[in-house]
file model39.cif (mmCIF, C-alpha atoms, pLDDT in the B column; chains and numbers go by the auth columns)
data_input
loop_
_atom_site.group_PDB
_atom_site.id
_atom_site.type_symbol
_atom_site.label_atom_id
_atom_site.label_comp_id
_atom_site.label_asym_id
_atom_site.label_seq_id
_atom_site.Cartn_x
_atom_site.Cartn_y
_atom_site.Cartn_z
_atom_site.B_iso_or_equiv
_atom_site.auth_seq_id
_atom_site.auth_asym_id
ATOM 1 C CA HIS A 1 22.801 -5.057 21.083 63.00 1 A
ATOM 2 C CA LYS A 2 23.220 -7.596 18.276 65.00 2 A
ATOM 3 C CA SER A 3 19.526 -7.918 17.350 73.00 3 A
ATOM 4 C CA GLU A 4 19.164 -4.112 17.294 73.00 4 A
ATOM 5 C CA LYS A 5 22.129 -3.817 14.949 76.00 5 A
ATOM 6 C CA ASN A 6 20.620 -6.403 12.621 81.00 6 A
ATOM 7 C CA ILE A 7 17.349 -4.470 12.454 83.00 7 A
ATOM 8 C CA LEU A 8 19.137 -1.206 11.746 86.00 8 A
ATOM 9 C CA LYS A 9 21.100 -2.785 8.911 85.00 9 A
ATOM 10 C CA LYS A 10 17.824 -3.513 7.151 87.00 10 A
ATOM 11 C CA PHE A 11 17.112 0.231 6.964 90.00 11 A
ATOM 12 C CA GLN A 12 20.694 1.397 6.434 88.00 12 A
ATOM 13 C CA ASN A 13 20.204 2.465 2.820 89.00 13 A
ATOM 14 C CA LYS A 14 16.466 3.117 2.966 95.00 14 A
ATOM 15 C CA LYS A 15 14.840 6.554 2.990 97.00 15 A
ATOM 16 C CA ILE A 16 12.623 6.986 6.044 97.00 16 A
ATOM 17 C CA ALA A 17 10.107 9.800 6.465 98.00 17 A
ATOM 18 C CA VAL A 18 8.573 10.798 9.787 98.00 18 A
ATOM 19 C CA LEU A 19 5.064 12.079 9.069 98.00 19 A
ATOM 20 C CA TYR A 20 3.917 14.547 11.696 98.00 20 A
ATOM 21 C CA GLY A 21 1.805 17.660 12.229 96.00 21 A
ATOM 22 C CA GLY A 22 -1.239 17.030 10.073 95.00 22 A
ATOM 23 C CA ILE A 23 -4.487 18.973 9.823 92.00 23 A
ATOM 24 C CA SER A 24 -6.520 17.560 12.709 89.00 24 A
ATOM 25 C CA GLU A 25 -7.264 19.196 16.049 84.00 25 A
ATOM 26 C CA GLU A 26 -4.405 17.140 17.486 89.00 26 A
ATOM 27 C CA ARG A 27 -1.780 18.836 15.323 93.00 27 A
ATOM 28 C CA GLU A 28 0.206 20.310 18.215 93.00 28 A
ATOM 29 C CA VAL A 29 0.469 16.928 19.937 91.00 29 A
ATOM 30 C CA SER A 30 1.659 15.341 16.702 95.00 30 A
ATOM 31 C CA LEU A 31 4.298 18.038 16.169 96.00 31 A
ATOM 32 C CA ARG A 32 5.819 17.309 19.574 95.00 32 A
ATOM 33 C CA SER A 33 5.647 13.544 19.060 95.00 33 A
ATOM 34 C CA GLY A 34 7.200 13.797 15.604 96.00 34 A
ATOM 35 C CA GLU A 35 10.154 15.817 16.834 97.00 35 A
ATOM 36 C CA ASN A 36 10.850 13.194 19.507 96.00 36 A
ATOM 37 C CA VAL A 37 10.600 10.312 17.023 96.00 37 A
ATOM 38 C CA TYR A 38 12.891 12.065 14.549 97.00 38 A
ATOM 39 C CA LYS A 39 15.403 12.782 17.299 96.00 39 A
ATOM 40 C CA ALA A 40 15.370 9.129 18.349 95.00 40 A
ATOM 41 C CA LEU A 41 15.769 7.788 14.810 95.00 41 A
ATOM 42 C CA THR A 42 18.645 10.123 13.956 96.00 42 A
ATOM 43 C CA SER A 43 20.475 9.080 17.111 94.00 43 A
ATOM 44 C CA PHE A 44 21.343 5.806 15.373 92.00 44 A
ATOM 45 C CA GLU A 45 24.496 6.091 13.293 91.00 45 A
ATOM 46 C CA GLU A 46 23.262 3.567 10.735 90.00 46 A
ATOM 47 C CA ILE A 47 20.191 5.548 9.657 93.00 47 A
ATOM 48 C CA LYS A 48 20.706 9.143 10.823 92.00 48 A
ATOM 49 C CA ASP A 49 21.364 10.416 7.288 94.00 49 A
ATOM 50 C CA ASN A 50 18.371 8.580 5.805 95.00 50 A
ATOM 51 C CA CYS A 51 15.619 10.236 7.864 97.00 51 A
ATOM 52 C CA ILE A 52 13.520 13.264 6.983 98.00 52 A
ATOM 53 C CA LEU A 53 10.668 15.106 8.728 98.00 53 A
ATOM 54 C CA ILE A 54 7.518 15.911 6.750 98.00 54 A
ATOM 55 C CA ASP A 55 4.868 18.222 8.154 98.00 55 A
ATOM 56 C CA VAL A 56 1.721 16.938 6.448 97.00 56 A
ATOM 57 C CA LYS A 57 -0.383 20.017 5.657 94.00 57 A
ATOM 58 C CA ASN A 58 -1.479 19.054 2.155 93.00 58 A
ATOM 59 C CA HIS A 59 -1.818 15.523 0.783 92.00 59 A
ATOM 60 C CA TYR A 60 -0.981 16.552 -2.788 95.00 60 A
ATOM 61 C CA GLU A 61 2.255 18.126 -1.588 96.00 61 A
ATOM 62 C CA LEU A 62 2.951 15.046 0.532 97.00 62 A
ATOM 63 C CA VAL A 63 2.772 12.772 -2.518 97.00 63 A
ATOM 64 C CA GLU A 64 5.214 15.007 -4.401 97.00 64 A
ATOM 65 C CA ILE A 65 7.696 15.041 -1.495 97.00 65 A
ATOM 66 C CA LEU A 66 7.495 11.273 -1.017 98.00 66 A
ATOM 67 C CA LYS A 67 8.197 10.745 -4.726 97.00 67 A
ATOM 68 C CA LYS A 68 10.970 13.329 -4.879 97.00 68 A
ATOM 69 C CA GLU A 69 12.742 11.962 -1.811 97.00 69 A
ATOM 70 C CA LYS A 70 12.157 8.359 -2.926 97.00 70 A
ATOM 71 C CA VAL A 71 10.813 7.438 0.497 98.00 71 A
ATOM 72 C CA GLU A 72 10.456 3.710 1.155 97.00 72 A
ATOM 73 C CA TYR A 73 9.280 3.729 4.771 98.00 73 A
ATOM 74 C CA CYS A 74 7.085 6.136 6.750 98.00 74 A
ATOM 75 C CA TYR A 75 6.952 6.469 10.503 97.00 75 A
ATOM 76 C CA ASN A 76 3.400 7.735 10.903 98.00 76 A
ATOM 77 C CA ILE A 77 3.060 9.919 13.980 96.00 77 A
ATOM 78 C CA LEU A 78 0.022 11.837 12.723 96.00 78 A
ATOM 79 C CA HIS A 79 -2.838 12.034 15.224 92.00 79 A
ATOM 80 C CA GLY A 80 -6.588 12.130 14.758 88.00 80 A
ATOM 81 C CA SER A 81 -8.461 12.613 11.472 87.00 81 A
ATOM 82 C CA PHE A 82 -6.427 11.974 8.302 91.00 82 A
ATOM 83 C CA GLY A 83 -3.706 10.405 10.428 93.00 83 A
ATOM 84 C CA GLU A 84 -5.239 7.470 12.285 93.00 84 A
ATOM 85 C CA ASP A 85 -8.486 6.937 10.362 93.00 85 A
ATOM 86 C CA GLY A 86 -7.175 5.030 7.338 95.00 86 A
ATOM 87 C CA SER A 87 -6.799 8.072 5.068 95.00 87 A
ATOM 88 C CA ILE A 88 -3.006 8.369 5.153 97.00 88 A
ATOM 89 C CA GLN A 89 -2.687 4.589 5.270 97.00 89 A
ATOM 90 C CA GLY A 90 -4.675 4.230 2.040 97.00 90 A
ATOM 91 C CA LEU A 91 -2.576 6.887 0.351 97.00 91 A
ATOM 92 C CA LEU A 92 0.670 5.149 1.331 98.00 92 A
ATOM 93 C CA ASP A 93 -0.725 1.801 0.178 97.00 93 A
ATOM 94 C CA CYS A 94 -1.377 3.310 -3.264 97.00 94 A
ATOM 95 C CA LEU A 95 2.214 4.564 -3.373 97.00 95 A
ATOM 96 C CA ASN A 96 3.516 1.159 -2.242 97.00 96 A
ATOM 97 C CA ILE A 97 5.256 2.736 0.754 98.00 97 A
ATOM 98 C CA LYS A 98 5.508 0.746 3.981 97.00 98 A
ATOM 99 C CA TYR A 99 4.438 2.446 7.203 97.00 99 A
ATOM 100 C CA THR A 100 4.142 1.943 10.943 96.00 100 A
ATOM 101 C CA GLY A 101 0.844 1.140 12.620 94.00 101 A
ATOM 102 C CA GLU A 102 -2.188 -0.758 11.393 94.00 102 A
ATOM 103 C CA ASN A 103 -3.423 -1.066 7.822 96.00 103 A
ATOM 104 C CA THR A 104 -6.160 0.956 6.133 96.00 104 A
ATOM 105 C CA LEU A 105 -9.081 -1.257 7.161 95.00 105 A
ATOM 106 C CA VAL A 106 -8.132 -1.615 10.813 95.00 106 A
ATOM 107 C CA SER A 107 -7.313 2.086 11.146 94.00 107 A
ATOM 108 C CA SER A 108 -10.606 3.230 9.636 93.00 108 A
ATOM 109 C CA VAL A 109 -12.744 0.839 11.685 93.00 109 A
ATOM 110 C CA CYS A 110 -10.968 1.477 14.986 91.00 110 A
ATOM 111 C CA MET A 111 -11.165 5.243 14.592 89.00 111 A
ATOM 112 C CA ASN A 112 -14.938 4.913 14.709 87.00 112 A
ATOM 113 C CA LYS A 113 -15.790 4.138 18.322 85.00 113 A
ATOM 114 C CA VAL A 114 -19.267 2.804 17.527 85.00 114 A
ATOM 115 C CA TYR A 115 -18.021 0.282 14.942 89.00 115 A
ATOM 116 C CA THR A 116 -15.219 -0.763 17.280 90.00 116 A
ATOM 117 C CA LYS A 117 -17.499 -1.263 20.274 87.00 117 A
ATOM 118 C CA ARG A 118 -20.045 -3.206 18.216 90.00 118 A
ATOM 119 C CA ILE A 119 -17.286 -5.553 17.062 94.00 119 A
ATOM 120 C CA TRP A 120 -16.185 -5.999 20.674 90.00 120 A
ATOM 121 C CA GLN A 121 -19.746 -6.690 21.770 90.00 121 A
ATOM 122 C CA SER A 122 -20.297 -9.263 18.992 94.00 122 A
ATOM 123 C CA SER A 123 -17.043 -10.955 20.048 94.00 123 A
ATOM 124 C CA LYS A 124 -18.082 -10.961 23.736 93.00 124 A
ATOM 125 C CA VAL A 125 -15.279 -8.584 24.696 90.00 125 A
ATOM 126 C CA PRO A 126 -16.271 -6.569 27.821 85.00 126 A
ATOM 127 C CA THR A 127 -16.777 -2.886 27.055 79.00 127 A
ATOM 128 C CA ALA A 128 -18.656 0.001 28.630 76.00 128 A
ATOM 129 C CA ASP A 129 -22.298 0.426 27.608 77.00 129 A
ATOM 130 C CA PHE A 130 -23.055 3.245 25.188 78.00 130 A
ATOM 131 C CA ILE A 131 -25.870 4.847 23.258 77.00 131 A
ATOM 132 C CA LEU A 132 -25.890 7.169 20.262 78.00 132 A
ATOM 133 C CA LEU A 133 -26.741 10.745 21.044 74.00 133 A
ATOM 134 C CA LYS A 134 -29.323 10.837 18.251 70.00 134 A
ATOM 135 C CA ASP A 135 -31.132 7.922 19.895 71.00 135 A
ATOM 136 C CA ILE A 136 -31.324 9.887 23.134 68.00 136 A
ATOM 137 C CA VAL A 137 -32.662 12.997 21.396 59.00 137 A
ATOM 138 C CA ASN A 138 -34.967 11.370 18.831 56.00 138 A
ATOM 139 C CA GLU A 139 -36.506 8.703 21.026 52.00 139 A
ATOM 140 C CA ASN A 140 -36.766 10.745 24.230 56.00 140 A
ATOM 141 C CA ASN A 141 -34.778 8.204 26.215 59.00 141 A
ATOM 142 C CA LYS A 142 -34.303 9.043 29.863 68.00 142 A
ATOM 143 C CA ILE A 143 -30.877 10.510 30.617 72.00 143 A
ATOM 144 C CA VAL A 144 -29.129 9.276 33.745 73.00 144 A
ATOM 145 C CA PHE A 145 -26.258 11.340 35.118 75.00 145 A
ATOM 146 C CA PRO A 146 -23.282 11.272 35.405 76.00 146 A
ATOM 147 C CA LEU A 147 -22.227 10.331 31.875 77.00 147 A
ATOM 148 C CA ILE A 148 -19.488 10.862 29.288 77.00 148 A
ATOM 149 C CA LEU A 149 -20.269 12.594 26.003 78.00 149 A
ATOM 150 C CA LYS A 150 -17.745 12.309 23.186 76.00 150 A
ATOM 151 C CA PRO A 151 -17.512 12.434 19.370 77.00 151 A
ATOM 152 C CA ILE A 152 -17.488 9.120 17.530 79.00 152 A
ATOM 153 C CA SER A 153 -14.334 9.608 15.487 78.00 153 A
ATOM 154 C CA ASN A 154 -12.080 12.203 17.101 72.00 154 A
ATOM 155 C CA GLY A 155 -8.850 11.022 18.636 70.00 155 A
ATOM 156 C CA SER A 156 -7.487 11.491 22.169 64.00 156 A
ATOM 157 C CA SER A 157 -9.919 13.400 24.373 71.00 157 A
ATOM 158 C CA VAL A 158 -11.002 16.027 21.826 73.00 158 A
ATOM 159 C CA GLY A 159 -14.618 17.002 22.464 70.00 159 A
ATOM 160 C CA VAL A 160 -14.967 14.791 25.546 75.00 160 A
ATOM 161 C CA SER A 161 -17.221 16.063 28.342 75.00 161 A
ATOM 162 C CA LEU A 162 -17.902 14.657 31.809 77.00 162 A
ATOM 163 C CA ILE A 163 -21.528 15.591 32.453 80.00 163 A
ATOM 164 C CA LYS A 164 -23.226 15.580 35.844 82.00 164 A
ATOM 165 C CA THR A 165 -26.247 17.828 35.266 84.00 165 A
ATOM 166 C CA LYS A 166 -28.792 18.709 32.578 82.00 166 A
ATOM 167 C CA LYS A 167 -27.241 22.162 32.239 86.00 167 A
ATOM 168 C CA GLU A 168 -23.797 20.656 31.586 83.00 168 A
ATOM 169 C CA PHE A 169 -25.406 18.283 29.068 79.00 169 A
ATOM 170 C CA GLU A 170 -26.900 21.160 27.055 77.00 170 A
ATOM 171 C CA LYS A 171 -23.549 22.986 27.094 78.00 171 A
ATOM 172 C CA ALA A 172 -21.722 19.862 25.874 73.00 172 A
ATOM 173 C CA LEU A 173 -24.187 19.471 22.993 71.00 173 A
ATOM 174 C CA LYS A 174 -23.120 22.873 21.688 72.00 174 A
ATOM 175 C CA THR A 175 -19.474 21.769 21.803 65.00 175 A
ATOM 176 C CA CYS A 176 -20.302 18.637 19.794 63.00 176 A
ATOM 177 C CA ASP A 177 -22.209 20.721 17.226 63.00 177 A
ATOM 178 C CA GLU A 178 -19.171 22.977 16.742 63.00 178 A
ATOM 179 C CA ILE A 179 -16.905 19.968 16.208 56.00 179 A
ATOM 180 C CA GLN A 180 -19.315 18.613 13.591 54.00 180 A
ATOM 181 C CA LYS A 181 -19.358 21.927 11.719 56.00 181 A
ATOM 182 C CA GLN A 182 -15.557 21.978 11.552 52.00 182 A
ATOM 183 C CA ASP A 183 -15.383 18.487 10.057 49.00 183 A
ATOM 184 C CA SER A 184 -16.094 17.812 6.396 39.00 184 A
ATOM 185 C CA ASP A 185 -17.937 14.555 7.108 40.00 185 A
ATOM 186 C CA THR A 186 -20.656 15.547 9.556 34.00 186 A
ATOM 187 C CA ASP A 187 -22.532 12.271 9.048 31.00 187 A
ATOM 188 C CA ILE A 188 -19.732 10.400 10.812 30.00 188 A
ATOM 189 C CA ILE A 189 -18.847 12.914 13.515 31.00 189 A
ATOM 190 C CA ARG A 190 -21.653 12.431 15.966 38.00 190 A
ATOM 191 C CA ALA A 191 -21.534 11.970 19.695 43.00 191 A
ATOM 192 C CA TYR A 192 -22.443 9.049 21.858 48.00 192 A
ATOM 193 C CA ILE A 193 -22.793 8.496 25.572 49.00 193 A
ATOM 194 C CA TYR A 194 -21.139 6.077 27.949 48.00 194 A
ATOM 195 C CA LYS A 195 -23.243 5.086 30.931 47.00 195 A
ATOM 196 C CA LYS A 196 -20.088 4.278 32.866 51.00 196 A
ATOM 197 C CA MET A 197 -16.421 4.764 32.214 49.00 197 A
ATOM 198 C CA CYS A 198 -13.239 3.496 33.803 53.00 198 A
ATOM 199 C CA ASP A 199 -9.572 3.764 32.847 52.00 199 A
ATOM 200 C CA ILE A 200 -7.013 1.044 33.440 53.00 200 A
ATOM 201 C CA SER A 201 -3.294 1.747 33.243 51.00 201 A
ATOM 202 C CA ASN A 202 -0.310 -0.534 33.642 50.00 202 A
ATOM 203 C CA SER A 203 2.502 1.204 35.507 48.00 203 A
ATOM 204 C CA GLU A 204 5.370 -0.557 37.271 45.00 204 A
ATOM 205 C CA LYS A 205 3.471 -3.838 37.075 42.00 205 A
ATOM 206 C CA TYR A 206 0.551 -2.349 38.999 41.00 206 A
ATOM 207 C CA LEU A 207 -2.949 -2.224 37.570 42.00 207 A
ATOM 208 C CA THR A 208 -4.640 1.027 38.535 41.00 208 A
ATOM 209 C CA LEU A 209 -8.356 1.509 38.231 41.00 209 A
ATOM 210 C CA ALA A 210 -10.522 4.617 38.475 43.00 210 A
ATOM 211 C CA VAL A 211 -14.253 3.980 38.933 44.00 211 A
ATOM 212 C CA GLU A 212 -17.197 5.239 40.911 44.00 212 A
ATOM 213 C CA LYS A 213 -17.106 4.193 44.576 45.00 213 A
ATOM 214 C CA ASP A 214 -20.197 2.006 44.393 46.00 214 A
ATOM 215 C CA GLU A 215 -18.688 0.151 41.429 46.00 215 A
ATOM 216 C CA LYS A 216 -15.276 -0.357 42.975 46.00 216 A
ATOM 217 C CA LYS A 217 -15.875 -3.603 44.852 47.00 217 A
ATOM 218 C CA ARG A 218 -17.694 -5.393 42.027 46.00 218 A
ATOM 219 C CA THR A 219 -15.208 -4.192 39.388 45.00 219 A
ATOM 220 C CA LYS A 220 -12.261 -5.139 41.589 44.00 220 A
ATOM 221 C CA GLU A 221 -13.542 -8.705 41.841 45.00 221 A
ATOM 222 C CA LYS A 222 -13.941 -8.915 38.067 44.00 222 A
ATOM 223 C CA LEU A 223 -10.455 -7.523 37.394 43.00 223 A
ATOM 224 C CA ILE A 224 -8.761 -9.928 39.765 41.00 224 A
ATOM 225 C CA LYS A 225 -10.272 -12.780 37.737 39.00 225 A
ATOM 226 C CA VAL A 226 -9.253 -11.219 34.415 39.00 226 A
ATOM 227 C CA PHE A 227 -5.733 -10.404 35.544 39.00 227 A
ATOM 228 C CA GLU A 228 -5.178 -13.421 37.778 35.00 228 A
ATOM 229 C CA TYR A 229 -1.711 -13.869 36.248 33.00 229 A
ATOM 230 C CA SER A 230 -0.634 -10.648 37.964 36.00 230 A
ATOM 231 C CA SER A 231 0.655 -11.008 41.509 35.00 231 A
ATOM 232 C CA GLN A 232 0.154 -7.336 42.368 38.00 232 A
ATOM 233 C CA VAL A 233 -3.029 -5.352 41.874 39.00 233 A
ATOM 234 C CA LYS A 234 -3.325 -1.831 43.273 40.00 234 A
ATOM 235 C CA PHE A 235 -6.537 0.202 43.162 39.00 235 A
ATOM 236 C CA ASP A 236 -6.612 3.985 43.377 41.00 236 A
ATOM 237 C CA GLU A 237 -8.735 5.424 46.147 37.00 237 A
#
call {"tool": "encode", "arguments": {"input": "model39.cif", "output": "structure tokens"}}
result
Amino acid sequence: HKSEKNILKKFQNKKIAVLYGGISEEREVSLRSGENVYKALTSFEEIKDNCILIDVKNHYELVEILKKEKVEYCYNILHGSFGEDGSIQGLLDCLNIKYTGENTLVSSVCMNKVYTKRIWQSSKVPTADFILLKDIVNENNKIVFPLILKPISNGSSVGVSLIKTKKEFEKALKTCDEIQKQDSDTDIIRAYIYKKMCDISNSEKYLTLAVEKDEKKRTKEKLIKVFEYSSQVKFDE
């Protein structure tokens, strides 16, 4: 394709590093993703000799490798803490190396679910209700089950618990405490609770929705209004 060739020419003589692995709990996922990205990049004749894989285990070593290899572009496939939270982005900014994904500010804010949801709420963007775990514990707020308990800043579904009973809630609290102990910044890694949760995916031009049965009708009506441009809407049973 002509446009694809033009894009590849831009990177023909540029050193590209795929950053993968990392030190977060999502390391294994990142390793698999990084291998796939590297394989895809090196399949292009124009840039196959310009690409390198860097397993980011130590940021000091990373800086040395980036300098030694004279890297100009980074494909960031790191997951979780130190990969999606603005840390690696800030480091690359200081080295004047371009990278994929959002900038330092956006990455750091969006990694924190509370900050992100408060921004959405202030901008009138619909989002599930939530409450900080410390507000539940400290203020003796009544807990209504079922609910979702999850860390504020972990990526993917690390530390996420679907809780239906008080016993499950107490067990999940212990899991959150362990995650906090493993993280160097325990003031940020706290948990919060969704009152309701639904997932929307876009597959083959169908919108699929998973919600509680008593919410299905009302949510369906809302979604049809939001996605009125779509001619096909399918709801999972």
call {"tool": "closest_residue", "arguments": {"input": "model39.cif", "among": "A:Ile65, A:Leu149, A:Leu132, A:Leu53", "to": "Lys171 of chain A", "atoms": "all atoms listed in the file"}}
result
A:Leu149
call {"tool": "atom_distance", "arguments": {"input": "model39.cif", "atom1": "atom CA of Ser107 of chain A", "atom2": "atom CA of Gln89 of chain A"}}
result
7.9 Å
call {"tool": "atom_distance", "arguments": {"input": "model39.cif", "atom1": "atom CA of Gly159 of chain A", "atom2": "atom CA of Ala172 of chain A"}}
result
8.4 Å
call {"tool": "residues_near_point", "arguments": {"input": "model39.cif", "point": "(0.5, 4.1, 10.8)", "cutoff": "7 Å", "atoms": "only C-alpha atoms", "output": "PDB file with C-alpha atoms, keeping the file's coordinate frame"}}
result
ATOM      1  CA  TYR A  75       6.952   6.469  10.503  1.00 97.00           C
ATOM      2  CA  ASN A  76       3.400   7.735  10.903  1.00 98.00           C
ATOM      3  CA  GLU A  84      -5.239   7.470  12.285  1.00 93.00           C
ATOM      4  CA  GLN A  89      -2.687   4.589   5.270  1.00 97.00           C
ATOM      5  CA  TYR A  99       4.438   2.446   7.203  1.00 97.00           C
ATOM      6  CA  THR A 100       4.142   1.943  10.943  1.00 96.00           C
ATOM      7  CA  GLY A 101       0.844   1.140  12.620  1.00 94.00           C
ATOM      8  CA  GLU A 102      -2.188  -0.758  11.393  1.00 94.00           C
TER       9      GLU A 102
END
call {"tool": "residues_around", "arguments": {"input": "model39.cif", "residues": "Ser24 of chain A", "least_positions_apart": "2", "cutoff": "7 Å", "atoms": "all atoms listed in the file", "output": "VMD selection string"}}
result
chain A and resid 22 26 to 27 80 to 81
call {"tool": "residues_near_point", "arguments": {"input": "model39.cif", "point": "(15.1, 4.6, 10.9)", "cutoff": "8 Å", "atoms": "only C-alpha atoms", "output": "list of chain:residue names"}}
result
A:Leu8, A:Phe11, A:Gln12, A:Ile16, A:Leu41, A:Thr42, A:Phe44, A:Ile47, A:Lys48, A:Asn50, A:Cys51
call {"tool": "atom_distance", "arguments": {"input": "model39.cif", "atom1": "atom CA of Tyr20 of chain A", "atom2": "atom CA of Asn112 of chain A"}}
result
21.4 Å
call {"tool": "closest_residue", "arguments": {"input": "model39.cif", "among": "A:Asn103, A:Ser33, A:Asn13, A:Ser157", "to": "Gly86 of chain A", "atoms": "all atoms listed in the file"}}
result
A:Asn103
call {"tool": "residues_around", "arguments": {"input": "model39.cif", "residues": "Glu64 of chain A", "least_positions_apart": "6", "cutoff": "12 Å", "atoms": "only C-alpha atoms", "output": "JSON, numbers by chain"}}
result
{"A": [54, 56, 58, 70, 71, 95]}
call {"tool": "resolve_selection", "arguments": {"input": "model39.cif", "expression": "the PyMOL selection byres ((chain A and resi 111) around 6)", "output": "PyMOL selection string"}}
result
chain A and resi 85+108-110+112+153
call {"tool": "closest_residue", "arguments": {"input": "model39.cif", "among": "A:Leu19, A:Ile131, A:Ile119, A:Val106", "to": "Leu66 of chain A", "atoms": "all atoms listed in the file"}}
result
A:Leu19
call {"tool": "axis_aligned_box", "arguments": {"input": "model39.cif", "around": "segment 166-176 of chain A", "padding_each_side": "3 Å", "output": "JSON"}}
result
{"center_x": -24.1, "center_y": 20.6, "center_z": 26.2, "size_x": 15.3, "size_y": 10.7, "size_z": 18.8}
call {"tool": "decode", "arguments": {"input": "model39.cif", "residues": "segment 56-71 of chain A", "atoms": "N, CA and C atoms", "output": "PDB file, in the first residue's frame"}}
result
ATOM      1  N   VAL A  56      12.852  -4.200  30.033  1.00  0.00           N
ATOM      2  CA  VAL A  56      13.093  -3.126  31.002  1.00  0.00           C
ATOM      3  C   VAL A  56      13.003  -3.664  32.430  1.00  0.00           C
ATOM      4  N   LYS A  57      14.167  -4.002  32.995  1.00  0.00           N
ATOM      5  CA  LYS A  57      14.226  -4.497  34.374  1.00  0.00           C
ATOM      6  C   LYS A  57      14.809  -3.449  35.318  1.00  0.00           C
ATOM      7  N   ASN A  58      15.598  -2.532  34.736  1.00  0.00           N
ATOM      8  CA  ASN A  58      16.259  -1.511  35.532  1.00  0.00           C
ATOM      9  C   ASN A  58      16.321  -0.227  34.707  1.00  0.00           C
ATOM     10  N   HIS A  59      15.825   0.862  35.250  1.00  0.00           N
ATOM     11  CA  HIS A  59      15.756   2.111  34.483  1.00  0.00           C
ATOM     12  C   HIS A  59      17.125   2.719  34.214  1.00  0.00           C
ATOM     13  N   TYR A  60      18.083   2.508  35.104  1.00  0.00           N
ATOM     14  CA  TYR A  60      19.439   3.004  34.863  1.00  0.00           C
ATOM     15  C   TYR A  60      20.061   2.273  33.676  1.00  0.00           C
ATOM     16  N   GLU A  61      19.869   0.953  33.646  1.00  0.00           N
ATOM     17  CA  GLU A  61      20.381   0.166  32.529  1.00  0.00           C
ATOM     18  C   GLU A  61      19.676   0.542  31.233  1.00  0.00           C
ATOM     19  N   LEU A  62      18.383   0.833  31.327  1.00  0.00           N
ATOM     20  CA  LEU A  62      17.613   1.225  30.147  1.00  0.00           C
ATOM     21  C   LEU A  62      18.193   2.482  29.518  1.00  0.00           C
ATOM     22  N   VAL A  63      18.505   3.476  30.335  1.00  0.00           N
ATOM     23  CA  VAL A  63      19.078   4.727  29.829  1.00  0.00           C
ATOM     24  C   VAL A  63      20.387   4.455  29.094  1.00  0.00           C
ATOM     25  N   GLU A  64      21.232   3.610  29.671  1.00  0.00           N
ATOM     26  CA  GLU A  64      22.513   3.282  29.047  1.00  0.00           C
ATOM     27  C   GLU A  64      22.327   2.594  27.699  1.00  0.00           C
ATOM     28  N   ILE A  65      21.374   1.665  27.626  1.00  0.00           N
ATOM     29  CA  ILE A  65      21.114   0.945  26.367  1.00  0.00           C
ATOM     30  C   ILE A  65      20.584   1.892  25.303  1.00  0.00           C
ATOM     31  N   LEU A  66      19.639   2.752  25.704  1.00  0.00           N
ATOM     32  CA  LEU A  66      19.050   3.703  24.754  1.00  0.00           C
ATOM     33  C   LEU A  66      20.117   4.636  24.180  1.00  0.00           C
ATOM     34  N   LYS A  67      21.051   5.057  25.027  1.00  0.00           N
ATOM     35  CA  LYS A  67      22.135   5.934  24.574  1.00  0.00           C
ATOM     36  C   LYS A  67      23.099   5.174  23.664  1.00  0.00           C
ATOM     37  N   LYS A  68      23.473   3.983  24.108  1.00  0.00           N
ATOM     38  CA  LYS A  68      24.432   3.176  23.347  1.00  0.00           C
ATOM     39  C   LYS A  68      23.905   2.832  21.967  1.00  0.00           C
ATOM     40  N   GLU A  69      22.637   2.466  21.892  1.00  0.00           N
ATOM     41  CA  GLU A  69      22.030   2.058  20.625  1.00  0.00           C
ATOM     42  C   GLU A  69      21.543   3.249  19.797  1.00  0.00           C
ATOM     43  N   LYS A  70      21.636   4.441  20.384  1.00  0.00           N
ATOM     44  CA  LYS A  70      21.191   5.667  19.711  1.00  0.00           C
ATOM     45  C   LYS A  70      19.736   5.557  19.243  1.00  0.00           C
ATOM     46  N   VAL A  71      18.897   5.101  20.150  1.00  0.00           N
ATOM     47  CA  VAL A  71      17.477   4.918  19.849  1.00  0.00           C
ATOM     48  C   VAL A  71      16.788   6.266  19.673  1.00  0.00           C
TER      49      VAL A  71
END
